[in-house]
Each structure stands twice: as structure tokens, then as C-alpha cells.
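Text of input_5.pdb (PDB, N, CA and C atoms) as supplied:
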```pdb
ATOM      1  N   MET S   1      34.587   3.318 -24.361
ATOM      2  CA  MET S   1      35.146   2.725 -23.160
ATOM      3  C   MET S   1      36.215   3.648 -22.597
ATOM      4  N   SER S   2      36.288   3.758 -21.334
ATOM      5  CA  SER S   2      37.250   4.621 -20.678
ATOM      6  C   SER S   2      38.664   4.088 -20.831
ATOM      7  N   GLU S   3      39.614   4.986 -21.093
ATOM      8  CA  GLU S   3      41.000   4.571 -21.183
ATOM      9  C   GLU S   3      41.529   4.128 -19.832
ATOM     10  N   LEU S   4      40.888   4.535 -18.764
ATOM     11  CA  LEU S   4      41.353   4.199 -17.426
ATOM     12  C   LEU S   4      41.101   2.748 -17.067
ATOM     13  N   ASN S   5      40.271   2.062 -17.829
ATOM     14  CA  ASN S   5      39.950   0.671 -17.543
ATOM     15  C   ASN S   5      41.199  -0.185 -17.384
ATOM     16  N   ASN S   6      42.253   0.125 -18.106
ATOM     17  CA  ASN S   6      43.468  -0.667 -18.053
ATOM     18  C   ASN S   6      44.186  -0.552 -16.714
ATOM     19  N   ASN S   7      43.789   0.378 -15.877
ATOM     20  CA  ASN S   7      44.456   0.585 -14.602
ATOM     21  C   ASN S   7      43.972  -0.344 -13.503
ATOM     22  N   ILE S   8      42.886  -1.040 -13.700
ATOM     23  CA  ILE S   8      42.362  -1.929 -12.669
ATOM     24  C   ILE S   8      42.577  -3.364 -13.099
ATOM     25  N   ASN S   9      43.266  -4.111 -12.266
ATOM     26  CA  ASN S   9      43.384  -5.549 -12.456
ATOM     27  C   ASN S   9      42.832  -6.209 -11.212
ATOM     28  N   ILE S  10      42.038  -7.214 -11.412
ATOM     29  CA  ILE S  10      41.382  -7.849 -10.281
ATOM     30  C   ILE S  10      42.400  -8.409  -9.288
ATOM     31  N   GLN S  11      43.591  -8.818  -9.759
ATOM     32  CA  GLN S  11      44.610  -9.345  -8.857
ATOM     33  C   GLN S  11      45.260  -8.264  -8.013
ATOM     34  N   ASP S  12      45.154  -7.000  -8.418
ATOM     35  CA  ASP S  12      45.809  -5.911  -7.706
ATOM     36  C   ASP S  12      45.085  -5.532  -6.417
ATOM     37  N   ILE S  13      43.910  -6.046  -6.225
ATOM     38  CA  ILE S  13      43.113  -5.659  -5.073
ATOM     39  C   ILE S  13      43.299  -6.687  -3.971
ATOM     40  N   GLU S  14      43.843  -6.245  -2.860
ATOM     41  CA  GLU S  14      44.045  -7.143  -1.728
ATOM     42  C   GLU S  14      42.699  -7.420  -1.088
ATOM     43  N   ASP S  15      42.447  -8.685  -0.807
ATOM     44  CA  ASP S  15      41.145  -9.030  -0.258
ATOM     45  C   ASP S  15      41.189  -9.394   1.214
ATOM     46  N   GLY S  16      42.361  -9.535   1.784
ATOM     47  CA  GLY S  16      42.435  -9.883   3.194
ATOM     48  C   GLY S  16      41.681 -11.157   3.511
ATOM     49  N   ASN S  17      41.598 -12.074   2.538
ATOM     50  CA  ASN S  17      40.886 -13.347   2.692
ATOM     51  C   ASN S  17      39.409 -13.169   2.981
ATOM     52  N   ASN S  18      38.855 -12.023   2.635
ATOM     53  CA  ASN S  18      37.441 -11.775   2.844
ATOM     54  C   ASN S  18      36.840 -11.337   1.517
ATOM     55  N   GLN S  19      36.025 -12.203   0.931
ATOM     56  CA  GLN S  19      35.475 -11.950  -0.391
ATOM     57  C   GLN S  19      34.606 -10.693  -0.401
ATOM     58  N   GLN S  20      33.857 -10.457   0.655
ATOM     59  CA  GLN S  20      32.993  -9.275   0.699
ATOM     60  C   GLN S  20      33.832  -8.001   0.670
ATOM     61  N   ASP S  21      34.920  -7.943   1.444
ATOM     62  CA  ASP S  21      35.802  -6.781   1.432
ATOM     63  C   ASP S  21      36.431  -6.596   0.065
ATOM     64  N   PHE S  22      36.806  -7.700  -0.578
ATOM     65  CA  PHE S  22      37.405  -7.629  -1.904
ATOM     66  C   PHE S  22      36.456  -6.947  -2.880
ATOM     67  N   TYR S  23      35.212  -7.398  -2.951
ATOM     68  CA  TYR S  23      34.274  -6.831  -3.908
ATOM     69  C   TYR S  23      33.900  -5.397  -3.560
ATOM     70  N   THR S  24      33.869  -5.053  -2.289
ATOM     71  CA  THR S  24      33.609  -3.672  -1.887
ATOM     72  C   THR S  24      34.733  -2.767  -2.382
ATOM     73  N   THR S  25      35.972  -3.190  -2.182
ATOM     74  CA  THR S  25      37.125  -2.411  -2.631
ATOM     75  C   THR S  25      37.153  -2.321  -4.147
ATOM     76  N   PHE S  26      36.891  -3.430  -4.815
ATOM     77  CA  PHE S  26      36.874  -3.445  -6.272
ATOM     78  C   PHE S  26      35.814  -2.487  -6.807
ATOM     79  N   LYS S  27      34.632  -2.488  -6.214
ATOM     80  CA  LYS S  27      33.557  -1.589  -6.642
ATOM     81  C   LYS S  27      33.973  -0.127  -6.481
ATOM     82  N   GLU S  28      34.595   0.197  -5.365
ATOM     83  CA  GLU S  28      35.053   1.564  -5.133
ATOM     84  C   GLU S  28      36.053   1.991  -6.206
ATOM     85  N   LYS S  29      36.964   1.085  -6.559
ATOM     86  CA  LYS S  29      37.964   1.400  -7.585
ATOM     87  C   LYS S  29      37.317   1.545  -8.956
ATOM     88  N   LEU S  30      36.358   0.699  -9.262
ATOM     89  CA  LEU S  30      35.652   0.820 -10.542
ATOM     90  C   LEU S  30      34.944   2.165 -10.649
ATOM     91  N   ILE S  31      34.246   2.539  -9.604
ATOM     92  CA  ILE S  31      33.506   3.802  -9.616
ATOM     93  C   ILE S  31      34.468   4.985  -9.758
ATOM     94  N   ALA S  32      35.639   4.874  -9.172
ATOM     95  CA  ALA S  32      36.610   5.962  -9.219
ATOM     96  C   ALA S  32      37.209   6.167 -10.611
ATOM     97  N   VAL S  33      37.357   5.102 -11.389
ATOM     98  CA  VAL S  33      38.069   5.237 -12.669
ATOM     99  C   VAL S  33      37.207   5.018 -13.909
ATOM    100  N   GLU S  34      36.040   4.454 -13.765
ATOM    101  CA  GLU S  34      35.184   4.177 -14.918
ATOM    102  C   GLU S  34      34.010   5.140 -14.973
ATOM    103  N   GLN S  35      33.474   5.286 -16.164
ATOM    104  CA  GLN S  35      32.227   6.021 -16.335
ATOM    105  C   GLN S  35      31.192   5.023 -16.824
ATOM    106  N   PHE S  36      30.077   4.957 -16.152
ATOM    107  CA  PHE S  36      29.013   4.027 -16.514
ATOM    108  C   PHE S  36      27.797   4.814 -16.948
ATOM    109  N   PRO S  37      26.999   4.249 -17.845
ATOM    110  CA  PRO S  37      27.153   2.976 -18.551
ATOM    111  C   PRO S  37      28.265   3.077 -19.600
ATOM    112  N   SER S  38      28.839   1.909 -19.933
ATOM    113  CA  SER S  38      29.933   1.883 -20.894
ATOM    114  C   SER S  38      30.195   0.460 -21.376
ATOM    115  N   LEU S  39      31.095   0.355 -22.354
ATOM    116  CA  LEU S  39      31.616  -0.947 -22.737
ATOM    117  C   LEU S  39      32.753  -1.252 -21.782
ATOM    118  N   TYR S  40      32.815  -2.476 -21.311
ATOM    119  CA  TYR S  40      33.844  -2.871 -20.339
ATOM    120  C   TYR S  40      34.536  -4.119 -20.853
ATOM    121  N   LYS S  41      35.865  -4.162 -20.714
ATOM    122  CA  LYS S  41      36.629  -5.331 -21.143
ATOM    123  C   LYS S  41      36.959  -6.219 -19.956
ATOM    124  N   PHE S  42      36.614  -7.471 -20.099
ATOM    125  CA  PHE S  42      36.959  -8.507 -19.136
ATOM    126  C   PHE S  42      38.029  -9.378 -19.784
ATOM    127  N   LYS S  43      38.996  -9.820 -18.984
ATOM    128  CA  LYS S  43      40.035 -10.703 -19.515
ATOM    129  C   LYS S  43      40.170 -11.924 -18.620
ATOM    130  N   PHE S  44      40.265 -13.074 -19.274
ATOM    131  CA  PHE S  44      40.347 -14.348 -18.563
ATOM    132  C   PHE S  44      41.387 -15.241 -19.225
ATOM    133  N   ILE S  45      41.965 -16.123 -18.421
ATOM    134  CA  ILE S  45      42.831 -17.183 -18.930
ATOM    135  C   ILE S  45      42.115 -18.493 -18.619
ATOM    136  N   VAL S  46      41.983 -19.336 -19.641
ATOM    137  CA  VAL S  46      41.247 -20.588 -19.514
ATOM    138  C   VAL S  46      42.089 -21.705 -20.121
ATOM    139  N   LYS S  47      42.037 -22.889 -19.529
ATOM    140  CA  LYS S  47      42.671 -24.032 -20.185
ATOM    141  C   LYS S  47      42.043 -24.168 -21.567
ATOM    142  N   ALA S  48      42.853 -24.582 -22.534
ATOM    143  CA  ALA S  48      42.373 -24.702 -23.911
ATOM    144  C   ALA S  48      41.382 -25.861 -24.004
ATOM    145  N   ASP S  49      40.239 -25.664 -23.389
ATOM    146  CA  ASP S  49      39.176 -26.660 -23.304
ATOM    147  C   ASP S  49      37.911 -25.977 -23.834
ATOM    148  N   LEU S  50      37.401 -26.451 -24.954
ATOM    149  CA  LEU S  50      36.252 -25.810 -25.583
ATOM    150  C   LEU S  50      35.071 -25.662 -24.636
ATOM    151  N   GLU S  51      34.855 -26.646 -23.773
ATOM    152  CA  GLU S  51      33.735 -26.576 -22.834
ATOM    153  C   GLU S  51      33.889 -25.399 -21.873
ATOM    154  N   LYS S  52      35.097 -25.218 -21.325
ATOM    155  CA  LYS S  52      35.346 -24.101 -20.396
ATOM    156  C   LYS S  52      35.206 -22.756 -21.105
ATOM    157  N   ILE S  53      35.728 -22.676 -22.323
ATOM    158  CA  ILE S  53      35.644 -21.440 -23.094
ATOM    159  C   ILE S  53      34.182 -21.092 -23.348
ATOM    160  N   GLU S  54      33.383 -22.066 -23.717
ATOM    161  CA  GLU S  54      31.960 -21.832 -23.966
ATOM    162  C   GLU S  54      31.225 -21.443 -22.687
ATOM    163  N   GLN S  55      31.605 -22.031 -21.552
ATOM    164  CA  GLN S  55      30.990 -21.661 -20.279
ATOM    165  C   GLN S  55      31.232 -20.187 -19.977
ATOM    166  N   VAL S  56      32.446 -19.717 -20.220
ATOM    167  CA  VAL S  56      32.747 -18.294 -20.000
ATOM    168  C   VAL S  56      31.894 -17.442 -20.926
ATOM    169  N   LYS S  57      31.839 -17.801 -22.191
ATOM    170  CA  LYS S  57      31.090 -17.011 -23.166
ATOM    171  C   LYS S  57      29.598 -16.962 -22.844
ATOM    172  N   GLN S  58      29.060 -18.037 -22.290
ATOM    173  CA  GLN S  58      27.631 -18.089 -21.985
ATOM    174  C   GLN S  58      27.226 -17.122 -20.872
ATOM    175  N   VAL S  59      28.172 -16.672 -20.084
ATOM    176  CA  VAL S  59      27.869 -15.719 -19.007
ATOM    177  C   VAL S  59      27.487 -14.357 -19.593
ATOM    178  N   PHE S  60      28.053 -14.009 -20.735
ATOM    179  CA  PHE S  60      27.879 -12.686 -21.323
ATOM    180  C   PHE S  60      26.838 -12.751 -22.429
ATOM    181  N   THR S  61      25.644 -12.231 -22.153
ATOM    182  CA  THR S  61      24.522 -12.393 -23.075
ATOM    183  C   THR S  61      24.082 -11.101 -23.758
ATOM    184  N   HIS S  62      24.655  -9.973 -23.400
ATOM    185  CA  HIS S  62      24.243  -8.701 -23.997
ATOM    186  C   HIS S  62      24.547  -8.713 -25.497
ATOM    187  N   ALA S  63      23.687  -8.105 -26.282
ATOM    188  CA  ALA S  63      23.840  -8.094 -27.742
ATOM    189  C   ALA S  63      25.133  -7.426 -28.201
ATOM    190  N   SER S  64      25.699  -6.556 -27.389
ATOM    191  CA  SER S  64      26.927  -5.841 -27.772
ATOM    192  C   SER S  64      28.193  -6.672 -27.572
ATOM    193  N   THR S  65      28.086  -7.834 -26.959
ATOM    194  CA  THR S  65      29.252  -8.613 -26.554
ATOM    195  C   THR S  65      30.094  -9.069 -27.738
ATOM    196  N   LYS S  66      31.419  -8.839 -27.592
ATOM    197  CA  LYS S  66      32.395  -9.283 -28.584
ATOM    198  C   LYS S  66      33.472 -10.071 -27.854
ATOM    199  N   TYR S  67      34.000 -11.093 -28.532
ATOM    200  CA  TYR S  67      35.025 -11.958 -27.946
ATOM    201  C   TYR S  67      36.289 -11.926 -28.806
ATOM    202  N   ALA S  68      37.421 -12.034 -28.136
ATOM    203  CA  ALA S  68      38.695 -12.233 -28.828
ATOM    204  C   ALA S  68      39.439 -13.304 -28.048
ATOM    205  N   GLU S  69      40.027 -14.251 -28.765
ATOM    206  CA  GLU S  69      40.763 -15.345 -28.133
ATOM    207  C   GLU S  69      42.186 -15.378 -28.666
ATOM    208  N   LYS S  70      43.095 -15.760 -27.792
ATOM    209  CA  LYS S  70      44.488 -15.923 -28.196
ATOM    210  C   LYS S  70      45.040 -17.136 -27.474
ATOM    211  N   GLU S  71      45.648 -18.025 -28.251
ATOM    212  CA  GLU S  71      46.210 -19.255 -27.684
ATOM    213  C   GLU S  71      47.611 -18.985 -27.141
ATOM    214  N   SER S  72      47.943 -19.639 -26.029
ATOM    215  CA  SER S  72      49.294 -19.519 -25.468
ATOM    216  C   SER S  72      50.294 -20.187 -26.400
ATOM    217  N   SER S  73      51.566 -19.870 -26.220
ATOM    218  CA  SER S  73      52.595 -20.410 -27.112
ATOM    219  C   SER S  73      52.648 -21.936 -27.061
ATOM    220  N   GLY S  74      52.374 -22.524 -25.906
ATOM    221  CA  GLY S  74      52.386 -23.977 -25.780
ATOM    222  C   GLY S  74      51.059 -24.623 -26.132
ATOM    223  N   GLY S  75      50.018 -23.810 -26.325
ATOM    224  CA  GLY S  75      48.711 -24.328 -26.712
ATOM    225  C   GLY S  75      47.868 -24.878 -25.576
ATOM    226  N   LYS S  76      48.362 -24.788 -24.335
ATOM    227  CA  LYS S  76      47.605 -25.337 -23.202
ATOM    228  C   LYS S  76      46.536 -24.388 -22.681
ATOM    229  N   TYR S  77      46.675 -23.091 -22.975
ATOM    230  CA  TYR S  77      45.757 -22.089 -22.433
ATOM    231  C   TYR S  77      45.295 -21.154 -23.533
ATOM    232  N   LYS S  78      44.168 -20.511 -23.267
ATOM    233  CA  LYS S  78      43.663 -19.462 -24.149
ATOM    234  C   LYS S  78      43.327 -18.257 -23.293
ATOM    235  N   SER S  79      43.656 -17.086 -23.809
ATOM    236  CA  SER S  79      43.178 -15.873 -23.162
ATOM    237  C   SER S  79      41.906 -15.464 -23.898
ATOM    238  N   ILE S  80      40.943 -15.043 -23.132
ATOM    239  CA  ILE S  80      39.671 -14.604 -23.704
ATOM    240  C   ILE S  80      39.452 -13.164 -23.254
ATOM    241  N   THR S  81      39.261 -12.282 -24.212
ATOM    242  CA  THR S  81      38.888 -10.907 -23.910
ATOM    243  C   THR S  81      37.426 -10.766 -24.297
ATOM    244  N   VAL S  82      36.632 -10.281 -23.351
ATOM    245  CA  VAL S  82      35.207 -10.093 -23.583
ATOM    246  C   VAL S  82      34.915  -8.608 -23.411
ATOM    247  N   GLU S  83      34.347  -8.007 -24.434
ATOM    248  CA  GLU S  83      33.925  -6.620 -24.335
ATOM    249  C   GLU S  83      32.409  -6.602 -24.394
ATOM    250  N   THR S  84      31.793  -6.013 -23.371
ATOM    251  CA  THR S  84      30.338  -5.993 -23.325
ATOM    252  C   THR S  84      29.849  -4.725 -22.632
ATOM    253  N   PHE S  85      28.618  -4.383 -22.886
ATOM    254  CA  PHE S  85      28.006  -3.206 -22.278
ATOM    255  C   PHE S  85      27.611  -3.511 -20.842
ATOM    256  N   VAL S  86      27.929  -2.591 -19.957
ATOM    257  CA  VAL S  86      27.497  -2.688 -18.548
ATOM    258  C   VAL S  86      26.900  -1.352 -18.131
ATOM    259  N   ASN S  87      25.922  -1.424 -17.252
ATOM    260  CA  ASN S  87      25.260  -0.211 -16.765
ATOM    261  C   ASN S  87      25.978   0.426 -15.584
ATOM    262  N   ASN S  88      26.634  -0.411 -14.764
ATOM    263  CA  ASN S  88      27.238   0.111 -13.536
ATOM    264  C   ASN S  88      28.276  -0.867 -12.989
ATOM    265  N   ALA S  89      28.940  -0.463 -11.931
ATOM    266  CA  ALA S  89      29.986  -1.287 -11.309
ATOM    267  C   ALA S  89      29.417  -2.599 -10.776
ATOM    268  N   ASP S  90      28.189  -2.578 -10.301
ATOM    269  CA  ASP S  90      27.579  -3.807  -9.784
ATOM    270  C   ASP S  90      27.462  -4.871 -10.873
ATOM    271  N   GLU S  91      27.162  -4.460 -12.095
ATOM    272  CA  GLU S  91      27.085  -5.430 -13.195
ATOM    273  C   GLU S  91      28.442  -6.043 -13.482
ATOM    274  N   VAL S  92      29.498  -5.229 -13.435
ATOM    275  CA  VAL S  92      30.856  -5.744 -13.643
ATOM    276  C   VAL S  92      31.141  -6.824 -12.608
ATOM    277  N   ILE S  93      30.852  -6.523 -11.358
ATOM    278  CA  ILE S  93      31.096  -7.465 -10.261
ATOM    279  C   ILE S  93      30.251  -8.721 -10.426
ATOM    280  N   ASP S  94      29.006  -8.555 -10.838
ATOM    281  CA  ASP S  94      28.142  -9.722 -11.052
ATOM    282  C   ASP S  94      28.716 -10.653 -12.124
ATOM    283  N   TYR S  95      29.243 -10.072 -13.206
ATOM    284  CA  TYR S  95      29.871 -10.891 -14.238
ATOM    285  C   TYR S  95      31.074 -11.641 -13.679
ATOM    286  N   TYR S  96      31.929 -10.945 -12.926
ATOM    287  CA  TYR S  96      33.098 -11.616 -12.342
ATOM    288  C   TYR S  96      32.677 -12.731 -11.386
ATOM    289  N   LYS S  97      31.655 -12.495 -10.589
ATOM    290  CA  LYS S  97      31.187 -13.527  -9.654
ATOM    291  C   LYS S  97      30.674 -14.745 -10.410
ATOM    292  N   GLU S  98      29.966 -14.512 -11.496
ATOM    293  CA  GLU S  98      29.429 -15.626 -12.281
ATOM    294  C   GLU S  98      30.558 -16.441 -12.921
ATOM    295  N   VAL S  99      31.540 -15.758 -13.483
ATOM    296  CA  VAL S  99      32.669 -16.463 -14.106
ATOM    297  C   VAL S  99      33.486 -17.192 -13.046
ATOM    298  N   SER S 100      33.572 -16.643 -11.844
ATOM    299  CA  SER S 100      34.364 -17.280 -10.784
ATOM    300  C   SER S 100      33.818 -18.653 -10.396
ATOM    301  N   LYS S 101      32.592 -18.952 -10.760
ATOM    302  CA  LYS S 101      31.995 -20.263 -10.483
ATOM    303  C   LYS S 101      32.525 -21.348 -11.427
ATOM    304  N   ILE S 102      33.176 -20.925 -12.514
ATOM    305  CA  ILE S 102      33.702 -21.870 -13.494
ATOM    306  C   ILE S 102      35.092 -22.292 -13.041
ATOM    307  N   GLU S 103      35.276 -23.577 -12.884
ATOM    308  CA  GLU S 103      36.546 -24.117 -12.394
ATOM    309  C   GLU S 103      37.708 -23.799 -13.316
ATOM    310  N   SER S 104      38.827 -23.437 -12.740
ATOM    311  CA  SER S 104      40.120 -23.215 -13.388
ATOM    312  C   SER S 104      40.142 -22.050 -14.378
ATOM    313  N   VAL S 105      39.335 -21.013 -14.121
ATOM    314  CA  VAL S 105      39.386 -19.794 -14.930
ATOM    315  C   VAL S 105      40.135 -18.752 -14.107
ATOM    316  N   ILE S 106      41.134 -18.135 -14.722
ATOM    317  CA  ILE S 106      41.896 -17.072 -14.068
ATOM    318  C   ILE S 106      41.346 -15.737 -14.560
ATOM    319  N   MET S 107      41.009 -14.876 -13.631
ATOM    320  CA  MET S 107      40.457 -13.562 -13.985
ATOM    321  C   MET S 107      41.551 -12.519 -13.901
ATOM    322  N   LEU S 108      41.675 -11.733 -14.946
ATOM    323  CA  LEU S 108      42.677 -10.663 -14.985
ATOM    324  C   LEU S 108      42.024  -9.317 -14.823
TER
END
```

Represent the supplied structure as C-alpha cells.
Amino acid sequence: MSELNNNINIQDIEDGNNQQDFYTTFKEKLIAVEQFPSLYKFKFIVKADLEKIEQVKQVFTHASTKYAEKESSGGKYKSITVETFVNNADEVIDYYKEVSKIESVIML
């Protein structure tokens, strides 16, 4: 996995209230700093609800997928780190779009 992956945070990209522009900009940034195919780390914050956590995990089906979870100090939230193989920037975006359909998941 590229060390540069840590330089892109989904919140850092201004979207101008236009989802299409957001994903176009995000794709450009991914292509600029990542090398594909590669392992890519996704990070999410989810309410400590087993159903929501499982919904996030079900999005990632590649055999290489690994998960790490960490509970918040108050126990109300869990951070989920997902590392999985992706072929290109479009796959990264597709994963984010799929997870964005799950209510109350924060994407980092």
C-alpha cells in the first residue's frame, strides 16, 4: 500500500454541494497519490450497533479484506478500518458510494 494514502481524507475535498464534482475531484486526487492496483485502507465511524457494523463489512467482499475495530472511550461509536484490494480509483469511489447508503456512517 502506498504511504501517500494517509494524505487523502474524504472530508478534505470540497464538493461545492455537487456530489458529481466531489467524486471527480476525489478521483483526481486518488490517481495523483496512489498506485493501482493496491491495498487501500478505508476508515469509518459507526454507532456501536452490530447491524450497522455488519452492513459496512458486507460491502467489502474481496478475499484480501481485513477489518480492525476500535471502540470510542464512551462506547457509543466504533471506528472501522477496512483494508482491501482495489484495481483502480473507480473501485475506491464505488466502495465509498456503497457505504454512503448506510445511515449514520461517517467516512474518513

Please identify all polymer residues within 7 Å of Asn87 (chain S), counting only C-alpha atoms, omitting same-chain residues fewer than 6 positions from it, and present them as a PyMOL selection string. chain S and resi 36-38

Between atom C of Val46 (chain S) and atom N of Val105 (chain S), measure the distance and give it in Å to one decimal.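 Going from atom C of Val46 (chain S) over to atom N of Val105 (chain S), I get 6.6 Å.
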
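In this comparison, which uses all atoms listed in the file, the residue of S:Val99, S:Ala68, S:Ile106, S:Ile45 approaching Thr81 (chain S) most closely is S:Ala68.
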
Could you jot down the atom N of Ser73 (chain S) to atom N of Phe44 (chain S) separation for me, Å, one decimal place? 14.9 Å

Can you spell out as a PDB file with N, CA and C atoms, in the frame of the given file the set of residues that the PyMOL selection byres ((chain S and resi 64) around 7) selects in the structure I just provided?
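Output contents, as saved in part_18.pdb:
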```
ATOM      1  N   THR S  61      25.644 -12.231 -22.153  1.00  0.00           N
ATOM      2  CA  THR S  61      24.522 -12.393 -23.075  1.00  0.00           C
ATOM      3  C   THR S  61      24.082 -11.101 -23.758  1.00  0.00           C
ATOM      4  N   HIS S  62      24.655  -9.973 -23.400  1.00  0.00           N
ATOM      5  CA  HIS S  62      24.243  -8.701 -23.997  1.00  0.00           C
ATOM      6  C   HIS S  62      24.547  -8.713 -25.497  1.00  0.00           C
ATOM      7  N   ALA S  63      23.687  -8.105 -26.282  1.00  0.00           N
ATOM      8  CA  ALA S  63      23.840  -8.094 -27.742  1.00  0.00           C
ATOM      9  C   ALA S  63      25.133  -7.426 -28.201  1.00  0.00           C
ATOM     10  N   THR S  65      28.086  -7.834 -26.959  1.00  0.00           N
ATOM     11  CA  THR S  65      29.252  -8.613 -26.554  1.00  0.00           C
ATOM     12  C   THR S  65      30.094  -9.069 -27.738  1.00  0.00           C
ATOM     13  N   LYS S  66      31.419  -8.839 -27.592  1.00  0.00           N
ATOM     14  CA  LYS S  66      32.395  -9.283 -28.584  1.00  0.00           C
ATOM     15  C   LYS S  66      33.472 -10.071 -27.854  1.00  0.00           C
ATOM     16  N   GLU S  83      34.347  -8.007 -24.434  1.00  0.00           N
ATOM     17  CA  GLU S  83      33.925  -6.620 -24.335  1.00  0.00           C
ATOM     18  C   GLU S  83      32.409  -6.602 -24.394  1.00  0.00           C
ATOM     19  N   THR S  84      31.793  -6.013 -23.371  1.00  0.00           N
ATOM     20  CA  THR S  84      30.338  -5.993 -23.325  1.00  0.00           C
ATOM     21  C   THR S  84      29.849  -4.725 -22.632  1.00  0.00           C
ATOM     22  N   PHE S  85      28.618  -4.383 -22.886  1.00  0.00           N
ATOM     23  CA  PHE S  85      28.006  -3.206 -22.278  1.00  0.00           C
ATOM     24  C   PHE S  85      27.611  -3.511 -20.842  1.00  0.00           C
TER      25      PHE S  85
END
```

DSSP on the backbone: what in chain S comes out strand (DSSP E or B), as a list of chain:residue names?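 Everything in chain S that counts as strand (DSSP E or B) is S:Ser38, S:Leu39, S:Tyr40, S:Lys41, S:Phe42, S:Lys43, S:Phe44, S:Ile45, S:Val46, S:Lys47, S:Lys66, S:Tyr67, S:Ala68, S:Glu69, S:Lys70, S:Glu71, S:Tyr77, S:Lys78, S:Ser79, S:Ile80, S:Thr81, S:Val82, S:Glu83, S:Thr84, S:Phe85, S:Val86, S:Val105, S:Ile106, S:Met107.
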
Using all atoms of region 19-35 of chain S that appear in the file, construct an axis-aligned enclosing box with 4 Å of padding on every side and provide its centre coordinates and edge lengths in Å, rounded to one decimal, as lines of an AutoDock Vina configuration file.
```
center_x = 34.6
center_y = -3.0
center_z = -7.7
size_x = 14.9
size_y = 26.4
size_z = 26.3
```

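In this comparison, which uses only N, CA and C atoms, the residue of S:Val82, S:Ile53, S:Asn88, S:Met107 approaching Tyr40 (chain S) most closely is S:Val82.
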
Output of the PyMOL selection byres ((chain S and resi 74-77) around 5), listed as a PDB file with N, CA and C atoms, keeping the file's coordinate frame:
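Ended up saving to expr_33.pdb:
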```
ATOM      1  N   VAL S  46      41.983 -19.336 -19.641  1.00  0.00           N
ATOM      2  CA  VAL S  46      41.247 -20.588 -19.514  1.00  0.00           C
ATOM      3  C   VAL S  46      42.089 -21.705 -20.121  1.00  0.00           C
ATOM      4  N   LYS S  47      42.037 -22.889 -19.529  1.00  0.00           N
ATOM      5  CA  LYS S  47      42.671 -24.032 -20.185  1.00  0.00           C
ATOM      6  C   LYS S  47      42.043 -24.168 -21.567  1.00  0.00           C
ATOM      7  N   ALA S  48      42.853 -24.582 -22.534  1.00  0.00           N
ATOM      8  CA  ALA S  48      42.373 -24.702 -23.911  1.00  0.00           C
ATOM      9  C   ALA S  48      41.382 -25.861 -24.004  1.00  0.00           C
ATOM     10  N   GLU S  71      45.648 -18.025 -28.251  1.00  0.00           N
ATOM     11  CA  GLU S  71      46.210 -19.255 -27.684  1.00  0.00           C
ATOM     12  C   GLU S  71      47.611 -18.985 -27.141  1.00  0.00           C
ATOM     13  N   SER S  72      47.943 -19.639 -26.029  1.00  0.00           N
ATOM     14  CA  SER S  72      49.294 -19.519 -25.468  1.00  0.00           C
ATOM     15  C   SER S  72      50.294 -20.187 -26.400  1.00  0.00           C
ATOM     16  N   SER S  73      51.566 -19.870 -26.220  1.00  0.00           N
ATOM     17  CA  SER S  73      52.595 -20.410 -27.112  1.00  0.00           C
ATOM     18  C   SER S  73      52.648 -21.936 -27.061  1.00  0.00           C
ATOM     19  N   LYS S  78      44.168 -20.511 -23.267  1.00  0.00           N
ATOM     20  CA  LYS S  78      43.663 -19.462 -24.149  1.00  0.00           C
ATOM     21  C   LYS S  78      43.327 -18.257 -23.293  1.00  0.00           C
ATOM     22  N   SER S  79      43.656 -17.086 -23.809  1.00  0.00           N
ATOM     23  CA  SER S  79      43.178 -15.873 -23.162  1.00  0.00           C
ATOM     24  C   SER S  79      41.906 -15.464 -23.898  1.00  0.00           C
TER      25      SER S  79
END
```

Given only N, CA and C atoms as the counted atoms, nearest of S:Tyr67, S:Lys52, S:Gln58, S:Leu39 to Val86 (chain S):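 Answer, going by the shortest atom-to-atom distance: S:Leu39.
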
For CA of Asp90 (chain S) and atom C of Leu50 (chain S), determine how far apart the two atoms are, in Å to one decimal place.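 According to the coordinates, CA of Asp90 (chain S) and atom C of Leu50 (chain S) are separated by 27.5 Å.
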
Step one, run DSSP on the backbone; step two, keep only residues of chain S assigned to helix (DSSP H, G or I); then write them as number ranges by chain. S: 3-7, 10-12, 19-33, 50-59, 89-100

Excluding Lys27 (chain S) and residues on its chain fewer than 2 positions from it, collect all residues at most 8 Å away from it, counting only C-alpha atoms, and give them as a ChimeraX atom specification. /S:23-25,29-31,89-90,93

For a quick check of understanding, using only C-alpha atoms, which of S:Val92, S:Ile80, S:Leu108, S:Ala32 has the smallest distance to Lys57 (chain S)?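 Nearest to Lys57 (chain S): S:Ile80.
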